[in-house]
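Listing of model_39.cif; format and content: mmCIF, C-alpha atoms (C1' of nucleotides).
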data_coords
#
loop_
_atom_site.label_atom_id
_atom_site.label_comp_id
_atom_site.auth_asym_id
_atom_site.auth_seq_id
_atom_site.Cartn_x
_atom_site.Cartn_y
_atom_site.Cartn_z
CA MET A 1 51.55 13.08 -39.66
CA SER A 2 53.27 13.49 -43.04
CA ALA A 3 53.34 16.71 -45.01
CA LEU A 4 51.72 17.13 -48.39
CA LYS A 5 53.16 19.34 -51.12
CA LEU A 6 50.75 21.17 -53.41
CA ALA A 7 52.04 23.17 -56.39
CA THR A 8 50.65 25.39 -59.10
CA TYR A 9 52.45 25.76 -62.42
CA ASN A 10 51.58 27.65 -65.57
CA ILE A 11 53.40 25.42 -68.03
CA ASN A 12 52.66 27.43 -71.19
CA GLY A 13 52.03 24.49 -73.51
CA ILE A 14 52.00 20.99 -72.06
CA ARG A 15 53.11 19.24 -75.25
CA THR A 16 56.24 21.32 -75.77
CA ARG A 17 56.86 21.43 -72.01
CA LEU A 18 56.43 17.75 -71.18
CA PRO A 19 60.16 17.03 -70.64
CA VAL A 20 60.42 19.97 -68.22
CA LEU A 21 57.23 18.92 -66.45
CA LEU A 22 58.41 15.33 -65.98
CA GLN A 23 61.82 16.47 -64.77
CA TRP A 24 60.21 18.74 -62.19
CA LEU A 25 57.76 16.06 -61.00
CA ALA A 26 60.55 13.53 -60.60
CA ARG A 27 62.72 15.88 -58.58
CA GLU A 28 60.17 17.63 -56.39
CA GLN A 29 57.51 14.93 -56.17
CA PRO A 30 54.57 17.21 -55.39
CA ASP A 31 51.49 15.34 -54.14
CA ILE A 32 49.00 17.67 -55.81
CA VAL A 33 49.60 19.79 -58.92
CA CYS A 34 47.50 22.48 -60.58
CA LEU A 35 48.49 23.19 -64.18
CA GLN A 36 47.46 26.11 -66.36
CA GLU A 37 47.85 27.02 -70.03
CA LEU A 38 47.86 23.49 -71.39
CA LYS A 39 47.32 24.94 -74.88
CA ALA A 40 46.13 21.56 -76.07
CA VAL A 41 42.87 19.79 -76.84
CA ASP A 42 41.77 17.03 -74.47
CA ALA A 43 42.96 14.29 -76.81
CA ASP A 44 46.51 15.64 -76.73
CA PHE A 45 46.84 15.56 -72.95
CA PRO A 46 49.81 13.28 -72.06
CA VAL A 47 47.85 11.05 -69.70
CA ALA A 48 50.01 7.96 -70.31
CA GLU A 49 53.28 9.74 -69.63
CA LEU A 50 51.93 11.24 -66.42
CA ARG A 51 50.55 7.92 -65.26
CA LYS A 52 53.97 6.41 -65.87
CA ALA A 53 55.41 9.17 -63.69
CA GLY A 54 53.00 8.17 -60.94
CA TYR A 55 50.26 10.74 -61.37
CA GLY A 56 46.55 10.43 -61.91
CA ALA A 57 45.12 13.41 -63.80
CA LEU A 58 42.01 15.38 -64.51
CA TRP A 59 42.11 17.92 -67.32
CA HIS A 60 40.05 20.43 -69.25
CA GLY A 61 41.79 21.31 -72.48
CA GLN A 62 41.16 23.77 -75.25
CA ARG A 63 42.58 24.32 -78.70
CA SER A 64 45.51 26.79 -78.79
CA TRP A 65 44.87 28.56 -75.51
CA ASN A 66 43.99 28.14 -71.87
CA GLY A 67 43.44 24.66 -70.45
CA VAL A 68 43.79 23.52 -66.82
CA ALA A 69 44.57 20.23 -65.10
CA ILE A 70 44.86 18.72 -61.63
CA LEU A 71 47.35 15.95 -60.90
CA ALA A 72 47.44 13.60 -57.92
CA ARG A 73 50.52 11.61 -56.99
CA ASP A 74 49.59 8.00 -56.38
CA GLY A 75 45.93 8.91 -56.66
CA MET A 76 43.14 10.26 -58.78
CA PRO A 77 41.46 13.67 -58.35
CA LEU A 78 37.72 13.41 -57.85
CA GLU A 79 36.13 16.10 -60.00
CA SER A 80 33.66 18.43 -58.30
CA ARG A 81 33.40 21.22 -60.87
CA ARG A 82 34.43 22.08 -64.44
CA GLY A 83 34.13 25.78 -65.26
CA LEU A 84 32.87 28.58 -63.02
CA PRO A 85 29.13 28.99 -62.52
CA GLY A 86 27.38 32.13 -63.69
CA ASP A 87 27.97 32.35 -67.46
CA PRO A 88 26.87 29.51 -69.75
CA GLU A 89 28.27 31.47 -72.70
CA ASP A 90 31.83 31.23 -71.38
CA THR A 91 33.64 28.49 -73.29
CA GLN A 92 37.19 29.17 -72.10
CA SER A 93 38.82 26.35 -70.09
CA ARG A 94 39.98 28.19 -67.02
CA TYR A 95 38.62 26.44 -63.94
CA LEU A 96 38.73 22.90 -62.67
CA GLU A 97 37.95 21.70 -59.16
CA ALA A 98 38.48 18.37 -57.48
CA ALA A 99 38.91 16.61 -54.16
CA VAL A 100 42.48 15.37 -53.82
CA HIS A 101 44.20 13.80 -50.82
CA GLY A 102 41.58 15.20 -48.46
CA VAL A 103 41.58 18.76 -49.83
CA LEU A 104 39.17 20.54 -52.16
CA VAL A 105 41.35 22.06 -54.88
CA GLY A 106 40.23 24.88 -57.16
CA CYS A 107 42.66 25.19 -60.08
CA LEU A 108 42.26 28.46 -61.95
CA TYR A 109 43.67 30.44 -64.83
CA LEU A 110 42.35 33.95 -64.50
CA PRO A 111 42.17 35.97 -67.73
CA ASN A 112 45.13 38.21 -68.48
CA GLY A 113 42.95 41.18 -69.44
CA ASN A 114 45.31 43.06 -71.72
CA PRO A 115 44.97 45.41 -73.36
CA GLN A 116 43.08 47.59 -70.95
CA PRO A 117 40.71 49.22 -71.16
CA GLY A 118 38.77 47.03 -73.56
CA PRO A 119 36.64 43.91 -73.88
CA LYS A 120 39.41 41.61 -72.63
CA PHE A 121 39.77 43.61 -69.47
CA ASP A 122 35.99 43.58 -69.04
CA TYR A 123 36.07 39.80 -69.40
CA LYS A 124 38.81 39.57 -66.80
CA LEU A 125 36.84 41.55 -64.25
CA ALA A 126 33.61 39.66 -64.96
CA TRP A 127 35.44 36.34 -64.61
CA PHE A 128 37.00 37.56 -61.37
CA ASP A 129 33.55 38.49 -60.03
CA ARG A 130 32.27 35.01 -60.83
CA LEU A 131 35.31 33.50 -59.11
CA ILE A 132 34.65 35.60 -56.00
CA ALA A 133 31.03 34.47 -55.90
CA HIS A 134 32.00 30.81 -56.17
CA ALA A 135 34.97 31.15 -53.81
CA ALA A 136 32.67 32.19 -50.99
CA THR A 137 31.11 28.74 -50.98
CA LEU A 138 34.54 27.09 -50.94
CA CYS A 139 35.82 29.32 -48.17
CA ASN A 140 32.83 28.46 -46.01
CA ALA A 141 32.60 24.83 -47.04
CA GLY A 142 33.76 23.64 -43.63
CA ILE A 143 36.37 21.39 -45.23
CA PRO A 144 39.98 22.16 -46.23
CA ALA A 145 40.10 24.06 -49.52
CA VAL A 146 42.71 25.80 -51.65
CA LEU A 147 42.46 28.14 -54.62
CA ALA A 148 45.61 27.74 -56.67
CA GLY A 149 46.63 29.08 -60.01
CA ASP A 150 47.71 31.90 -62.24
CA PHE A 151 45.62 34.82 -60.99
CA ASN A 152 47.18 37.32 -63.40
CA VAL A 153 47.18 39.88 -60.60
CA VAL A 154 50.20 41.56 -59.03
CA PRO A 155 48.63 42.18 -55.60
CA THR A 156 50.84 45.09 -54.54
CA ASP A 157 53.87 47.02 -55.76
CA ALA A 158 55.96 44.79 -53.50
CA ASP A 159 55.09 41.90 -55.81
CA ILE A 160 56.95 43.24 -58.85
CA TYR A 161 60.53 44.25 -59.58
CA ASN A 162 59.52 47.70 -60.74
CA PRO A 163 55.93 48.79 -61.23
CA LYS A 164 56.78 51.81 -63.35
CA SER A 165 56.81 50.14 -66.75
CA TRP A 166 53.77 48.00 -65.87
CA ARG A 167 51.52 50.73 -64.51
CA LYS A 168 49.07 50.51 -67.41
CA ASP A 169 49.11 46.73 -67.52
CA ALA A 170 45.93 44.81 -66.64
CA LEU A 171 47.84 42.91 -63.93
CA LEU A 172 48.39 46.04 -61.86
CA GLN A 173 45.11 47.86 -62.34
CA PRO A 174 43.26 49.02 -59.21
CA GLU A 175 40.18 47.10 -60.39
CA SER A 176 42.19 43.87 -60.54
CA ARG A 177 43.86 44.47 -57.19
CA ALA A 178 40.60 45.44 -55.48
CA ARG A 179 39.07 42.13 -56.53
CA TYR A 180 42.04 40.19 -55.22
CA THR A 181 41.69 42.01 -51.89
CA LYS A 182 37.96 41.36 -51.88
CA LEU A 183 38.61 37.66 -52.46
CA LEU A 184 41.06 37.51 -49.55
CA SER A 185 38.57 39.30 -47.30
CA GLN A 186 36.31 36.25 -47.49
CA GLY A 187 38.85 34.56 -45.24
CA TRP A 188 41.47 33.21 -47.65
CA LEU A 189 45.14 33.22 -46.66
CA ASP A 190 47.74 34.27 -49.25
CA SER A 191 50.13 31.52 -48.19
CA LEU A 192 53.33 32.68 -49.93
CA ARG A 193 53.04 36.24 -48.69
CA HIS A 194 52.05 35.07 -45.23
CA LEU A 195 55.17 32.95 -44.79
CA HIS A 196 57.48 35.32 -46.70
CA PRO A 197 56.36 38.86 -45.84
CA ASP A 198 59.62 40.54 -46.79
CA GLU A 199 60.76 38.73 -49.93
CA PRO A 200 59.51 39.35 -53.47
CA MET A 201 58.64 35.69 -54.12
CA PHE A 202 58.39 36.18 -57.87
CA THR A 203 56.69 33.41 -59.84
CA PHE A 204 56.89 34.80 -63.38
CA TRP A 205 59.64 36.37 -65.49
CA ASP A 206 58.69 37.23 -69.05
CA TYR A 207 60.79 36.11 -71.99
CA PHE A 208 61.64 39.68 -72.97
CA ARG A 209 64.49 41.92 -72.03
CA GLN A 210 66.45 39.25 -70.14
CA HIS A 211 64.03 39.53 -67.25
CA TRP A 212 64.99 36.14 -65.86
CA GLN A 213 68.70 36.91 -65.95
CA ARG A 214 68.01 40.19 -64.15
CA ASP A 215 65.51 38.61 -61.72
CA ALA A 216 62.95 41.12 -62.90
CA GLY A 217 59.86 39.14 -61.96
CA LEU A 218 56.25 39.34 -60.90
CA ARG A 219 54.30 37.44 -58.25
CA ILE A 220 51.10 36.38 -59.99
CA ASP A 221 50.72 32.68 -59.15
CA HIS A 222 48.97 32.33 -55.82
CA LEU A 223 47.89 29.66 -53.36
CA LEU A 224 45.00 30.75 -51.15
CA LEU A 225 43.94 28.65 -48.16
CA ASN A 226 40.58 28.65 -46.44
CA PRO A 227 40.29 28.71 -42.62
CA GLU A 228 40.17 24.91 -42.39
CA LEU A 229 43.45 24.48 -44.28
CA ALA A 230 45.41 27.58 -43.23
CA PRO A 231 46.37 26.30 -39.73
CA ARG A 232 48.03 23.31 -41.37
CA LEU A 233 50.35 25.41 -43.57
CA GLN A 234 54.01 24.53 -43.01
CA SER A 235 56.13 26.07 -45.76
CA ALA A 236 55.92 27.76 -49.14
CA GLY A 237 58.27 28.51 -51.99
CA VAL A 238 59.02 28.81 -55.68
CA ASP A 239 60.95 26.18 -57.63
CA ARG A 240 63.10 28.75 -59.39
CA TRP A 241 65.47 26.14 -60.78
CA VAL A 242 62.76 25.12 -63.25
CA ARG A 243 62.67 28.64 -64.70
CA GLY A 244 66.38 28.36 -65.45
CA LEU A 245 66.06 25.24 -67.61
CA GLU A 246 66.29 25.21 -71.38
CA GLY A 247 62.92 25.35 -73.13
CA THR A 248 61.12 26.33 -69.95
CA SER A 249 57.88 28.18 -69.20
CA ASP A 250 57.94 31.85 -68.29
CA HIS A 251 56.41 30.83 -64.93
CA ALA A 252 58.03 28.76 -62.18
CA PRO A 253 56.21 26.13 -60.09
CA THR A 254 54.94 27.67 -56.87
CA TRP A 255 54.19 25.45 -53.88
CA ILE A 256 53.16 24.97 -50.30
CA THR A 257 53.45 22.13 -47.85
CA PHE A 258 50.86 21.41 -45.20
CA THR A 259 50.29 18.68 -42.67
CA GLY A 260 48.24 15.78 -43.89
CA TYR A 261 45.56 14.24 -41.80
CA ALA A 262 46.88 12.46 -38.75
CA VAL A 263 46.61 8.75 -39.14
CA PRO A 264 44.18 7.68 -36.42
CA ALA A 265 45.89 5.85 -33.63
CA GLY A 266 45.47 2.16 -33.92
CA ASP A 267 42.72 0.96 -31.64
CA ASP A 268 42.90 -2.68 -32.52
"C1'" DA B 1 56.01 54.91 -77.50
"C1'" DT B 2 57.57 50.59 -79.06
"C1'" DG B 3 59.35 46.03 -79.04
"C1'" DG B 4 61.65 42.48 -77.18
"C1'" DC B 5 60.44 36.40 -76.71
"C1'" DC B 6 57.71 32.40 -76.85
"C1'" DG B 7 53.87 28.59 -78.28
"C1'" DC B 8 50.34 27.68 -81.29
"C1'" DG B 9 47.86 27.32 -85.73
"C1'" DT B 10 47.97 27.93 -90.36
"C1'" DC B 11 51.16 27.56 -92.76
"C1'" DC B 12 56.52 31.42 -92.23
"C1'" DC B 13 53.07 35.57 -90.38
"C1'" DG B 14 49.41 36.71 -86.89
"C1'" DC B 15 47.59 36.23 -82.38
"C1'" DG B 16 47.77 35.91 -77.47
"C1'" DG B 17 50.39 35.93 -73.61
"C1'" DA B 18 51.89 39.11 -69.29
#

Do you think you could lay out the structure here as C-alpha cells?
Amino acid sequence: MSALKLATYNINGIRTRLPVLLQWLAREQPDIVCLQELKAVDADFPVAELRKAGYGALWHGQRSWNGVAILARDGMPLESRRGLPGDPEDTQSRYLEAAVHGVLVGCLYLPNGNPQPGPKFDYKLAWFDRLIAHAATLCNAGIPAVLAGDFNVVPTDADIYNPKSWRKDALLQPESRARYTKLLSQGWLDSLRHLHPDEPMFTFWDYFRQHWQRDAGLRIDHLLLNPELAPRLQSAGVDRWVRGLEGTSDHAPTWITFTGYAVPAGDD
DNA sequence: ATGGCCGCGTCCCGCGGA
C-alpha cells in the first residue's frame, strides 16, 4: 500500500511563478495538487509545460484574479464540478472539483473579504455559506473526499504569529471563524492541526515588513478530510523551502500524505 | 493610523491581495 501526497498551493500568478512551480513539483513529486490564484485566462494556462513535468491538469482561469486548478501526477483529474452551486450570478473562478487517484478533491479559493465591513466581506460570508452547503454532500458522500485550498481564515489565535495587528482583518473575524468551525462540525478533519497540535504550521507570510525573515506567518491554507479519508491520513506539513526561493509566492505549498488503496491480492 | 511588497492590466499608476 503506497502513500499518496496531496498538496495545496496558492501560487499567486501561474505565469510568473512557473519556474518555482516546476522546481517544487520536480523535488516533492506530489501526486495531487490544488492550485489557487492562477491570475490567468484559460488560454494562458501552461498545460504543455505541466504535461512535460508529468502532470495532467484541469483548470478554471480568470483574467487578472482568482483561478484554480487541479493537477494529477501520471494521470488526469476527472471533473465533477466547476463553481459552487447556489449563485448563478457569481462569475469568480474559485472552486473546482474532480476525482483524482481514488479521491474526490474540492479545490477552493475562498474570498479574502477585506476590507470589512463592506460588500467584499459580505461576499466572503455568502461564498462560505454556499461552500458549507455543498461540503455537506461531499462529507457524506460515502467515498474519500478532501477540501483543499486557501480558505482565507485564520481559525484561531494559535494560527497566527500575533493577532493584535490583524484583529480587524477579515481573516480573523468571528463570522469567518464561526463558519470554519461550522464546516468542521459536519465531520471534516483539519489534517495539519490534527497531526501538529502544538506547532504554528504557518502557510502564508506576506511580502511586507520582512514577515518571512521573521517567521511572522498565518495558517490559512487548509486540507480537510471527510470520515472516509481521515483514517488513512499519515503525515502533513508545509514545504517552507519554497517560500524562501527568489520570485516566490507569499504562500508555501501545504500537504498531506495518506495511504492509497491497497492493491488487491492477486487471486490468479 | 498608515504603509510596507507583489502580480496584473493598462500602460508607470491603480487595484487587489492578506

Please report as number ranges by chain which residues of chain B come no farther than 7 Å from chain A, using only C-alpha atoms (C1' of nucleotides). B: 4-8, 18

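One distance worth recording is that between CA of Trp24 (chain A) and CA of Val242 (chain A), which is 7.0 Å.
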
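The interatomic distance for the pair CA of Arg94 (chain A) and CA of Ala230 (chain A) works out to 24.4 Å.
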
Would you mind reading off the distance between CA of Gly149 (chain A) and CA of Leu108 (chain A), one decimal, in Å? 4.8 Å

Quick check on the file I pasted: which residues fall under the PyMOL selection byres ((chain A and resi 86) around 10)? Write them as a PyMOL selection string. chain A and resi 83-85+87-90+126-127+129-131+133-134

Just write the chosen residues, C-alpha atoms, as an mmCIF file, keeping the file's coordinate frame.
data_model
loop_
_atom_site.group_PDB
_atom_site.id
_atom_site.type_symbol
_atom_site.label_atom_id
_atom_site.label_comp_id
_atom_site.auth_asym_id
_atom_site.auth_seq_id
_atom_site.Cartn_x
_atom_site.Cartn_y
_atom_site.Cartn_z
ATOM 1 C CA GLY A 83 34.130 25.780 -65.260
ATOM 2 C CA LEU A 84 32.870 28.580 -63.020
ATOM 3 C CA PRO A 85 29.130 28.990 -62.520
ATOM 4 C CA ASP A 87 27.970 32.350 -67.460
ATOM 5 C CA PRO A 88 26.870 29.510 -69.750
ATOM 6 C CA GLU A 89 28.270 31.470 -72.700
ATOM 7 C CA ASP A 90 31.830 31.230 -71.380
ATOM 8 C CA ALA A 126 33.610 39.660 -64.960
ATOM 9 C CA TRP A 127 35.440 36.340 -64.610
ATOM 10 C CA ASP A 129 33.550 38.490 -60.030
ATOM 11 C CA ARG A 130 32.270 35.010 -60.830
ATOM 12 C CA LEU A 131 35.310 33.500 -59.110
ATOM 13 C CA ALA A 133 31.030 34.470 -55.900
ATOM 14 C CA HIS A 134 32.000 30.810 -56.170
#

Could you list, as a ChimeraX atom specification, every residue within 12 Å of Tyr95 (chain A), counting all atoms listed in the file and ignoring same-chain residues fewer than 4 positions away? /A:34-37,58-62,66-70,79-85,90-91,105-111,127-128,130-131,134-135,147-151

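With the shown file loaded, the PyMOL selection byres ((chain A and resi 234) around 7) picks out Arg232, Leu233, Ser235, Thr257, Phe258 and Thr259 of chain A.
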
8 Å contact set for Asp190 (chain A), only C-alpha atoms (C1' of nucleotides), chain neighbours under 3 positions out, as a ChimeraX atom specification: /A:184,193-194,222-225

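The result of the PyMOL selection byres ((chain A and resi 4) around 8) on the shown file is Ser2, Ala3, Lys5, Leu6, Pro30, Asp31, Ile32, Thr257, Phe258, Thr259 and Gly260 of chain A.
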
Counting all atoms listed in the file, I want the residues whose atoms come within 10 Å of (35.7, 37.5, -50.0) in the file frame, returned as a count of residues only. 18

Enclose all atoms of region 2-18 of chain B listed in the file in an axis-aligned box, grow every side by 4 Å, and hand back centre and edge lengths in Å to one decimal, as JSON.
{"center_x": 54.6, "center_y": 39.0, "center_z": -81.0, "size_x": 22.1, "size_y": 31.3, "size_z": 31.5}

Write out N, CA and C atoms for region 36-70 of chain A, as a PDB file, keeping the file's coordinate frame.
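selection.pdb, written as the output of this step:
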ATOM      1  N   GLN A  36      48.213  25.164 -65.537  1.00  0.00           N
ATOM      2  CA  GLN A  36      47.460  26.110 -66.360  1.00  0.00           C
ATOM      3  C   GLN A  36      48.152  26.285 -67.713  1.00  0.00           C
ATOM      4  N   GLU A  37      47.390  26.790 -68.655  1.00  0.00           N
ATOM      5  CA  GLU A  37      47.850  27.020 -70.030  1.00  0.00           C
ATOM      6  C   GLU A  37      48.376  25.738 -70.665  1.00  0.00           C
ATOM      7  N   LEU A  38      47.505  24.734 -70.700  1.00  0.00           N
ATOM      8  CA  LEU A  38      47.860  23.490 -71.390  1.00  0.00           C
ATOM      9  C   LEU A  38      48.062  23.746 -72.879  1.00  0.00           C
ATOM     10  N   LYS A  39      47.255  24.625 -73.436  1.00  0.00           N
ATOM     11  CA  LYS A  39      47.320  24.940 -74.880  1.00  0.00           C
ATOM     12  C   LYS A  39      47.195  23.687 -75.735  1.00  0.00           C
ATOM     13  N   ALA A  40      46.305  22.813 -75.340  1.00  0.00           N
ATOM     14  CA  ALA A  40      46.130  21.560 -76.070  1.00  0.00           C
ATOM     15  C   ALA A  40      44.685  21.074 -75.911  1.00  0.00           C
ATOM     16  N   VAL A  41      44.192  20.396 -76.936  1.00  0.00           N
ATOM     17  CA  VAL A  41      42.870  19.790 -76.840  1.00  0.00           C
ATOM     18  C   VAL A  41      42.958  18.576 -75.912  1.00  0.00           C
ATOM     19  N   ASP A  42      41.810  18.133 -75.438  1.00  0.00           N
ATOM     20  CA  ASP A  42      41.770  17.030 -74.470  1.00  0.00           C
ATOM     21  C   ASP A  42      42.511  15.789 -74.973  1.00  0.00           C
ATOM     22  N   ALA A  43      42.361  15.506 -76.262  1.00  0.00           N
ATOM     23  CA  ALA A  43      42.960  14.290 -76.810  1.00  0.00           C
ATOM     24  C   ALA A  43      44.481  14.333 -76.809  1.00  0.00           C
ATOM     25  N   ASP A  44      45.050  15.521 -76.721  1.00  0.00           N
ATOM     26  CA  ASP A  44      46.510  15.640 -76.730  1.00  0.00           C
ATOM     27  C   ASP A  44      47.121  15.705 -75.327  1.00  0.00           C
ATOM     28  N   PHE A  45      46.291  15.537 -74.308  1.00  0.00           N
ATOM     29  CA  PHE A  45      46.840  15.560 -72.950  1.00  0.00           C
ATOM     30  C   PHE A  45      47.669  14.286 -72.717  1.00  0.00           C
ATOM     31  N   PRO A  46      48.891  14.438 -72.187  1.00  0.00           N
ATOM     32  CA  PRO A  46      49.810  13.280 -72.060  1.00  0.00           C
ATOM     33  C   PRO A  46      49.490  12.408 -70.853  1.00  0.00           C
ATOM     34  N   VAL A  47      48.294  11.821 -70.870  1.00  0.00           N
ATOM     35  CA  VAL A  47      47.850  11.050 -69.700  1.00  0.00           C
ATOM     36  C   VAL A  47      48.723   9.840 -69.439  1.00  0.00           C
ATOM     37  N   ALA A  48      49.195   9.169 -70.494  1.00  0.00           N
ATOM     38  CA  ALA A  48      50.010   7.960 -70.310  1.00  0.00           C
ATOM     39  C   ALA A  48      51.357   8.290 -69.681  1.00  0.00           C
ATOM     40  N   GLU A  49      51.971   9.360 -70.170  1.00  0.00           N
ATOM     41  CA  GLU A  49      53.280   9.740 -69.630  1.00  0.00           C
ATOM     42  C   GLU A  49      53.183  10.131 -68.154  1.00  0.00           C
ATOM     43  N   LEU A  50      52.094  10.824 -67.812  1.00  0.00           N
ATOM     44  CA  LEU A  50      51.930  11.240 -66.420  1.00  0.00           C
ATOM     45  C   LEU A  50      51.618  10.042 -65.523  1.00  0.00           C
ATOM     46  N   ARG A  51      50.843   9.129 -66.036  1.00  0.00           N
ATOM     47  CA  ARG A  51      50.550   7.920 -65.260  1.00  0.00           C
ATOM     48  C   ARG A  51      51.833   7.139 -64.993  1.00  0.00           C
ATOM     49  N   LYS A  52      52.676   7.085 -66.020  1.00  0.00           N
ATOM     50  CA  LYS A  52      53.970   6.410 -65.870  1.00  0.00           C
ATOM     51  C   LYS A  52      54.827   7.090 -64.810  1.00  0.00           C
ATOM     52  N   ALA A  53      54.656   8.413 -64.701  1.00  0.00           N
ATOM     53  CA  ALA A  53      55.410   9.170 -63.690  1.00  0.00           C
ATOM     54  C   ALA A  53      54.781   9.065 -62.307  1.00  0.00           C
ATOM     55  N   GLY A  54      53.625   8.397 -62.229  1.00  0.00           N
ATOM     56  CA  GLY A  54      53.000   8.170 -60.940  1.00  0.00           C
ATOM     57  C   GLY A  54      51.841   9.088 -60.608  1.00  0.00           C
ATOM     58  N   TYR A  55      51.315   9.767 -61.617  1.00  0.00           N
ATOM     59  CA  TYR A  55      50.260  10.740 -61.370  1.00  0.00           C
ATOM     60  C   TYR A  55      48.951  10.413 -62.088  1.00  0.00           C
ATOM     61  N   GLY A  56      47.876  10.453 -61.327  1.00  0.00           N
ATOM     62  CA  GLY A  56      46.550  10.430 -61.910  1.00  0.00           C
ATOM     63  C   GLY A  56      46.167  11.866 -62.273  1.00  0.00           C
ATOM     64  N   ALA A  57      45.385  12.048 -63.320  1.00  0.00           N
ATOM     65  CA  ALA A  57      45.120  13.410 -63.800  1.00  0.00           C
ATOM     66  C   ALA A  57      43.676  13.621 -64.210  1.00  0.00           C
ATOM     67  N   LEU A  58      43.303  14.881 -64.061  1.00  0.00           N
ATOM     68  CA  LEU A  58      42.010  15.380 -64.510  1.00  0.00           C
ATOM     69  C   LEU A  58      42.324  16.611 -65.333  1.00  0.00           C
ATOM     70  N   TRP A  59      41.721  16.760 -66.511  1.00  0.00           N
ATOM     71  CA  TRP A  59      42.110  17.920 -67.320  1.00  0.00           C
ATOM     72  C   TRP A  59      40.930  18.459 -68.099  1.00  0.00           C
ATOM     73  N   HIS A  60      41.043  19.745 -68.428  1.00  0.00           N
ATOM     74  CA  HIS A  60      40.050  20.430 -69.250  1.00  0.00           C
ATOM     75  C   HIS A  60      40.801  21.247 -70.272  1.00  0.00           C
ATOM     76  N   GLY A  61      40.965  20.678 -71.457  1.00  0.00           N
ATOM     77  CA  GLY A  61      41.790  21.310 -72.480  1.00  0.00           C
ATOM     78  C   GLY A  61      41.016  22.257 -73.370  1.00  0.00           C
ATOM     79  N   GLN A  62      41.755  22.868 -74.263  1.00  0.00           N
ATOM     80  CA  GLN A  62      41.160  23.770 -75.250  1.00  0.00           C
ATOM     81  C   GLN A  62      42.192  23.980 -76.357  1.00  0.00           C
ATOM     82  N   ARG A  63      41.702  24.118 -77.567  1.00  0.00           N
ATOM     83  CA  ARG A  63      42.580  24.320 -78.700  1.00  0.00           C
ATOM     84  C   ARG A  63      43.343  25.654 -78.585  1.00  0.00           C
ATOM     85  N   SER A  64      44.629  25.601 -78.718  1.00  0.00           N
ATOM     86  CA  SER A  64      45.510  26.790 -78.790  1.00  0.00           C
ATOM     87  C   SER A  64      45.780  27.502 -77.476  1.00  0.00           C
ATOM     88  N   TRP A  65      44.709  27.721 -76.697  1.00  0.00           N
ATOM     89  CA  TRP A  65      44.870  28.560 -75.510  1.00  0.00           C
ATOM     90  C   TRP A  65      44.255  27.936 -74.276  1.00  0.00           C
ATOM     91  N   ASN A  66      44.603  28.528 -73.141  1.00  0.00           N
ATOM     92  CA  ASN A  66      43.990  28.140 -71.870  1.00  0.00           C
ATOM     93  C   ASN A  66      44.226  26.650 -71.555  1.00  0.00           C
ATOM     94  N   GLY A  67      43.304  26.058 -70.826  1.00  0.00           N
ATOM     95  CA  GLY A  67      43.440  24.660 -70.450  1.00  0.00           C
ATOM     96  C   GLY A  67      44.033  24.505 -69.065  1.00  0.00           C
ATOM     97  N   VAL A  68      43.349  23.722 -68.202  1.00  0.00           N
ATOM     98  CA  VAL A  68      43.790  23.520 -66.820  1.00  0.00           C
ATOM     99  C   VAL A  68      43.728  22.032 -66.484  1.00  0.00           C
ATOM    100  N   ALA A  69      44.540  21.638 -65.505  1.00  0.00           N
ATOM    101  CA  ALA A  69      44.570  20.230 -65.100  1.00  0.00           C
ATOM    102  C   ALA A  69      44.927  20.133 -63.622  1.00  0.00           C
ATOM    103  N   ILE A  70      44.502  19.032 -63.017  1.00  0.00           N
ATOM    104  CA  ILE A  70      44.860  18.720 -61.630  1.00  0.00           C
ATOM    105  C   ILE A  70      45.466  17.330 -61.602  1.00  0.00           C
TER     106      ILE A  70
END
